[in-house]
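Shown next: protein-v9.cif, containing mmCIF, C-alpha atoms.
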data_my_file
loop_
_atom_site.label_atom_id
_atom_site.label_comp_id
_atom_site.auth_asym_id
_atom_site.auth_seq_id
_atom_site.Cartn_x
_atom_site.Cartn_y
_atom_site.Cartn_z
CA VAL A 742 -17.23 81.45 29.64
CA ARG A 743 -17.06 77.78 28.77
CA GLN A 744 -20.29 75.94 28.27
CA LEU A 745 -20.61 72.53 29.84
CA HIS A 746 -22.72 69.92 28.18
CA SER A 747 -24.23 67.21 30.23
CA MET A 748 -24.11 63.60 29.19
CA PRO A 749 -27.33 62.40 27.60
CA LEU A 750 -29.52 60.53 30.01
CA PRO A 751 -30.09 56.89 29.12
CA LYS A 752 -33.56 56.03 27.88
CA ARG A 753 -35.66 54.51 30.61
CA LEU A 754 -36.10 50.85 29.80
CA PRO A 755 -39.58 49.42 30.12
CA VAL A 756 -40.15 47.12 33.07
CA ALA A 757 -41.34 43.53 32.83
CA VAL A 758 -43.45 41.64 35.34
CA GLU A 759 -41.98 38.51 36.87
CA VAL A 760 -42.97 35.15 35.40
CA ALA A 761 -45.01 34.22 38.49
CA GLN A 762 -46.86 37.55 38.25
CA ALA A 763 -47.57 36.90 34.57
CA GLU A 764 -48.99 33.49 35.44
CA ALA A 765 -51.19 35.03 38.15
CA LEU A 766 -52.31 37.72 35.71
CA THR A 767 -54.88 35.56 33.97
CA ALA A 768 -55.95 33.29 36.81
CA HIS A 769 -59.70 32.62 36.48
CA GLN A 770 -60.45 33.38 40.13
CA ALA A 771 -58.87 36.83 39.85
CA PHE A 772 -61.66 38.13 37.62
CA ASP A 773 -65.35 38.69 38.17
CA GLN A 774 -67.72 35.98 37.02
CA GLY A 775 -69.76 36.71 33.94
CA PHE A 776 -69.17 38.25 30.55
CA ARG A 777 -67.26 41.34 31.70
CA GLY A 778 -64.82 39.31 33.78
CA PHE A 779 -64.34 36.94 30.84
CA THR A 780 -63.58 39.89 28.54
CA ASP A 781 -61.15 41.42 31.05
CA ARG A 782 -59.29 38.11 31.49
CA LEU A 783 -58.96 37.63 27.73
CA ILE A 784 -57.65 41.18 27.36
CA CYS A 785 -54.82 40.39 29.78
CA ASP A 786 -54.24 36.91 28.38
CA LEU A 787 -54.02 38.02 24.74
CA LEU A 788 -51.76 40.97 25.51
CA TYR A 789 -49.30 38.87 27.48
CA SER A 790 -49.36 35.62 25.52
CA THR A 791 -49.00 37.25 22.09
CA GLY A 792 -47.16 40.52 22.82
CA ILE A 793 -49.59 42.53 20.72
CA ARG A 794 -50.12 46.25 21.11
CA ARG A 795 -53.28 47.64 22.71
CA GLN A 796 -54.57 48.96 19.38
CA GLU A 797 -53.89 45.62 17.68
CA LEU A 798 -55.94 43.86 20.37
CA ILE A 799 -58.88 46.20 19.88
CA GLN A 800 -58.86 45.59 16.11
CA ILE A 801 -58.87 41.75 16.20
CA ARG A 802 -61.91 40.39 14.40
CA GLU A 803 -63.52 37.00 14.84
CA THR A 804 -62.45 36.18 11.28
CA ASP A 805 -58.79 36.82 12.19
CA ILE A 806 -58.60 33.55 14.13
CA ALA A 807 -57.14 30.68 12.10
CA TRP A 808 -58.50 27.90 14.29
CA GLY A 809 -56.82 24.99 12.48
CA GLN A 810 -53.42 26.66 12.40
CA LYS A 811 -53.71 27.92 15.99
CA MET A 812 -52.88 31.46 14.87
CA ILE A 813 -54.35 34.95 15.11
CA ARG A 814 -53.93 37.48 12.31
CA VAL A 815 -52.93 40.90 13.61
CA LEU A 816 -52.83 44.15 11.71
CA GLY A 817 -49.93 46.16 13.09
CA LYS A 818 -48.41 49.57 12.54
CA GLY A 819 -48.35 50.64 8.90
CA ASN A 820 -51.03 48.01 8.17
CA LYS A 821 -48.41 45.26 8.38
CA GLU A 822 -50.07 41.91 8.77
CA ARG A 823 -48.56 39.16 10.90
CA TYR A 824 -49.75 35.82 12.25
CA LEU A 825 -49.14 34.96 15.88
CA PRO A 826 -49.31 31.49 17.44
CA VAL A 827 -51.75 30.93 20.29
CA SER A 828 -52.08 28.02 22.67
CA ALA A 829 -54.83 25.43 22.43
CA ALA A 830 -56.09 26.56 25.86
CA LEU A 831 -56.38 30.18 24.69
CA LEU A 832 -58.18 29.04 21.53
CA ASP A 833 -60.65 27.12 23.71
CA ASP A 834 -61.23 30.27 25.76
CA LEU A 835 -61.79 32.30 22.58
CA ARG A 836 -64.29 29.69 21.32
CA ASP A 837 -66.14 29.85 24.65
CA TYR A 838 -66.06 33.65 24.58
CA ILE A 839 -67.60 33.84 21.10
CA ALA A 840 -70.33 31.43 22.24
CA ALA A 841 -70.93 33.51 25.40
CA LYS A 842 -71.10 36.65 23.32
CA LYS A 843 -73.86 35.18 21.16
CA LYS A 844 -75.74 33.81 24.17
CA GLU A 845 -75.46 36.70 26.65
CA LEU A 846 -75.49 39.88 24.58
CA GLU A 847 -78.67 41.30 23.09
CA GLN A 848 -76.81 42.61 20.07
CA PRO A 849 -73.62 40.57 19.81
CA ASN A 850 -70.91 42.18 17.72
CA ARG A 851 -69.77 39.47 15.33
CA GLU A 852 -67.18 41.68 13.69
CA PHE A 853 -64.76 42.40 16.54
CA LEU A 854 -63.55 39.60 18.79
CA LEU A 855 -63.54 41.33 22.18
CA VAL A 856 -66.40 43.66 23.01
CA LEU A 857 -67.97 45.55 25.89
CA ARG A 858 -71.08 44.28 27.67
CA SER A 859 -73.07 46.67 25.42
CA GLY A 860 -71.76 44.77 22.37
CA LYS A 861 -69.65 47.71 21.22
CA GLN A 862 -65.99 47.48 20.27
CA LEU A 863 -63.39 47.91 23.01
CA TYR A 864 -61.65 51.28 23.25
CA PRO A 865 -58.10 52.12 24.40
CA GLY A 866 -59.08 53.63 27.77
CA TYR A 867 -61.04 50.54 28.77
CA VAL A 868 -58.14 48.21 27.94
CA TYR A 869 -55.73 50.45 29.85
CA ARG A 870 -57.94 50.53 32.96
CA VAL A 871 -58.38 46.74 33.00
CA VAL A 872 -54.66 46.03 32.66
CA HIS A 873 -53.64 48.81 35.04
CA ALA A 874 -55.99 47.60 37.78
CA ARG A 875 -54.93 43.97 37.41
CA LEU A 876 -51.20 44.74 37.37
CA GLN A 877 -51.52 47.04 40.40
CA GLU A 878 -52.71 43.97 42.34
CA LEU A 879 -49.64 41.98 41.28
CA THR A 880 -46.69 44.35 41.23
CA THR A 881 -45.27 47.36 43.01
CA GLN A 882 -44.21 48.98 39.72
CA GLU A 883 -45.53 52.48 39.26
CA LYS A 884 -46.31 52.40 35.55
CA CYS A 885 -48.65 49.50 34.94
CA SER A 886 -49.89 49.52 31.37
CA PRO A 887 -50.73 47.22 28.46
CA HIS A 888 -47.28 47.98 27.04
CA MET A 889 -45.75 46.43 30.15
CA LEU A 890 -47.30 43.11 29.11
CA ARG A 891 -45.79 43.44 25.63
CA HIS A 892 -42.38 44.03 27.15
CA SER A 893 -42.87 41.11 29.55
CA PHE A 894 -43.75 38.83 26.63
CA ALA A 895 -40.51 39.74 24.83
CA THR A 896 -38.35 39.60 27.93
CA HIS A 897 -39.66 36.21 29.06
CA LEU A 898 -39.15 34.75 25.57
CA LEU A 899 -35.58 36.05 25.44
CA ASN A 900 -34.82 34.80 28.96
CA ASN A 901 -36.01 31.34 27.91
CA GLY A 902 -33.68 31.21 24.93
CA ALA A 903 -35.86 32.47 22.09
CA ASN A 904 -34.08 33.87 19.06
CA ILE A 905 -34.06 37.68 19.01
CA GLN A 906 -35.01 37.66 15.31
CA ALA A 907 -38.09 35.52 16.06
CA ILE A 908 -39.08 37.90 18.86
CA ARG A 909 -38.71 40.83 16.45
CA GLU A 910 -41.09 39.15 14.01
CA LEU A 911 -43.63 38.32 16.73
CA LEU A 912 -43.61 41.93 17.93
CA GLY A 913 -43.93 43.27 14.40
CA HIS A 914 -40.81 45.42 14.57
CA SER A 915 -39.16 46.47 11.33
CA SER A 916 -35.67 46.54 12.90
CA LEU A 917 -33.75 44.72 15.59
CA ALA A 918 -32.94 48.05 17.25
CA ALA A 919 -36.58 48.38 18.32
CA THR A 920 -36.60 44.82 19.70
CA GLN A 921 -33.38 45.43 21.61
CA ILE A 922 -35.15 47.93 23.85
CA TYR A 923 -37.79 45.39 24.87
CA ALA A 924 -35.29 42.66 25.49
CA HIS A 925 -32.94 44.60 27.82
CA SER A 926 -30.20 43.32 25.57
CA ASP A 927 -27.14 45.02 24.21
CA VAL A 928 -25.57 45.16 20.77
CA SER A 929 -23.19 42.27 21.52
CA MET A 930 -26.15 39.99 22.19
CA LEU A 931 -27.77 40.95 18.90
#
Please go through the file and, once you have read it, give me the structure as structure tokens.
Amino acid sequence: VRQLHSMPLPKRLPVAVEVAQAEALTAHQAFDQGFRGFTDRLICDLLYSTGIRRQELIQIRETDIAWGQKMIRVLGKGNKERYLPVSAALLDDLRDYIAAKKKELEQPNREFLLVLRSGKQLYPGYVYRVVHARLQELTTQEKCSPHMLRHSFATHLLNNGANIQAIRELLGHSSLAATQIYAHSDVSML
């Protein structure tokens, strides 16, 4: 009896949100007023505008913001440090958030940047729920997760002419092969 081997199935590529959906993602009116809504909006904004991983977001400290350079220091996989550019508008929001944290919370956490209403550090499940709920309002995709925003960040940069090597560095990948998956690109493009 001959054995037949099936062809390997292609890896499922992650899905990106459309640019208009990404813009609607962080609209002020889409979030509740108050500290929790502010936190939730910044979670979405930071994930999409920097392409950081969920765990990297949770670990950002107030001291990781280089205000003058308009950069945020991120500690990635394998404790690799990288600096990511942020817009002046996002920096203003972060400044306002830190001020709100000091004003509104009984015990403000000055170590970690984004915190819960209780003042405690964010945790992965909370970040997932916030992003999942917000993306479900904007897209018909089944799998709505923080990683979808990371992929959207990379895809939108590539579609607007960004260098694949620069995207690799922003994402903190050690090889272009990992970046290729996010960018829906093929070897000839690399």
Tell me which protein, DNA and RNA residues are within 12 Å of range 768-771 of chain A, counting all atoms listed in the file, leaving out same-chain ones fewer than 5 positions away, and put them as a list in words. Ala761, Gln762, Ala763, Gly778, Phe779, Thr780, Asp781, Arg782, Leu783, Cys785, Asp786, Asp834, Ala874, Arg875, Leu876, Glu878 and Leu879 of chain A
Find the residue from A:Ala918, A:Gln796, A:Ile905, A:Ile801 that sits nearest to Tyr867 in chain A; use all atoms listed in the file when measuring.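 Answer, going by the shortest atom-to-atom distance: A:Gln796.
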May I ask which of the residues A:Ala829, A:Arg870, A:Leu912, A:Glu797 is the closest one to Leu898 in chain A, counting all atoms listed in the file?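 The answer is A:Leu912, which sits nearest to Leu898 in chain A.
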May I have the residues within 10 Å of Ala807 in chain A as a list of chain:residue names, using all atoms listed in the file and disregarding those fewer than 3 positions away in the same chain?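 These residues fall inside the cut-off: A:Glu803, A:Thr804, A:Gln810, A:Lys811, A:Met812, A:Ile813, A:Arg814, A:Tyr824, A:Leu825, A:Pro826, A:Val827, A:Leu832.
Between CA of Ser915 in chain A and CA of His897 in chain A lies a distance of 20.5 Å.
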Which is closest to Val758 in chain A among A:Ser893, A:Ser886, A:Gln862, A:Gln774, if we use only C-alpha atoms? A:Ser893
Between CA of Lys884 in chain A and CA of Tyr869 in chain A lies a distance of 11.2 Å
What does the distance from CA of Arg802 in chain A to CA of Glu852 in chain A come to in Å, to one decimal? 5.5 Å
Go through the shown structure with the PyMOL selection byres ((chain A and resi 908-910) around 10) and write out the matching residues as a VMD selection string. chain A and resid 792 823 to 825 894 to 896 898 to 899 903 to 907 911 to 921 923 to 924
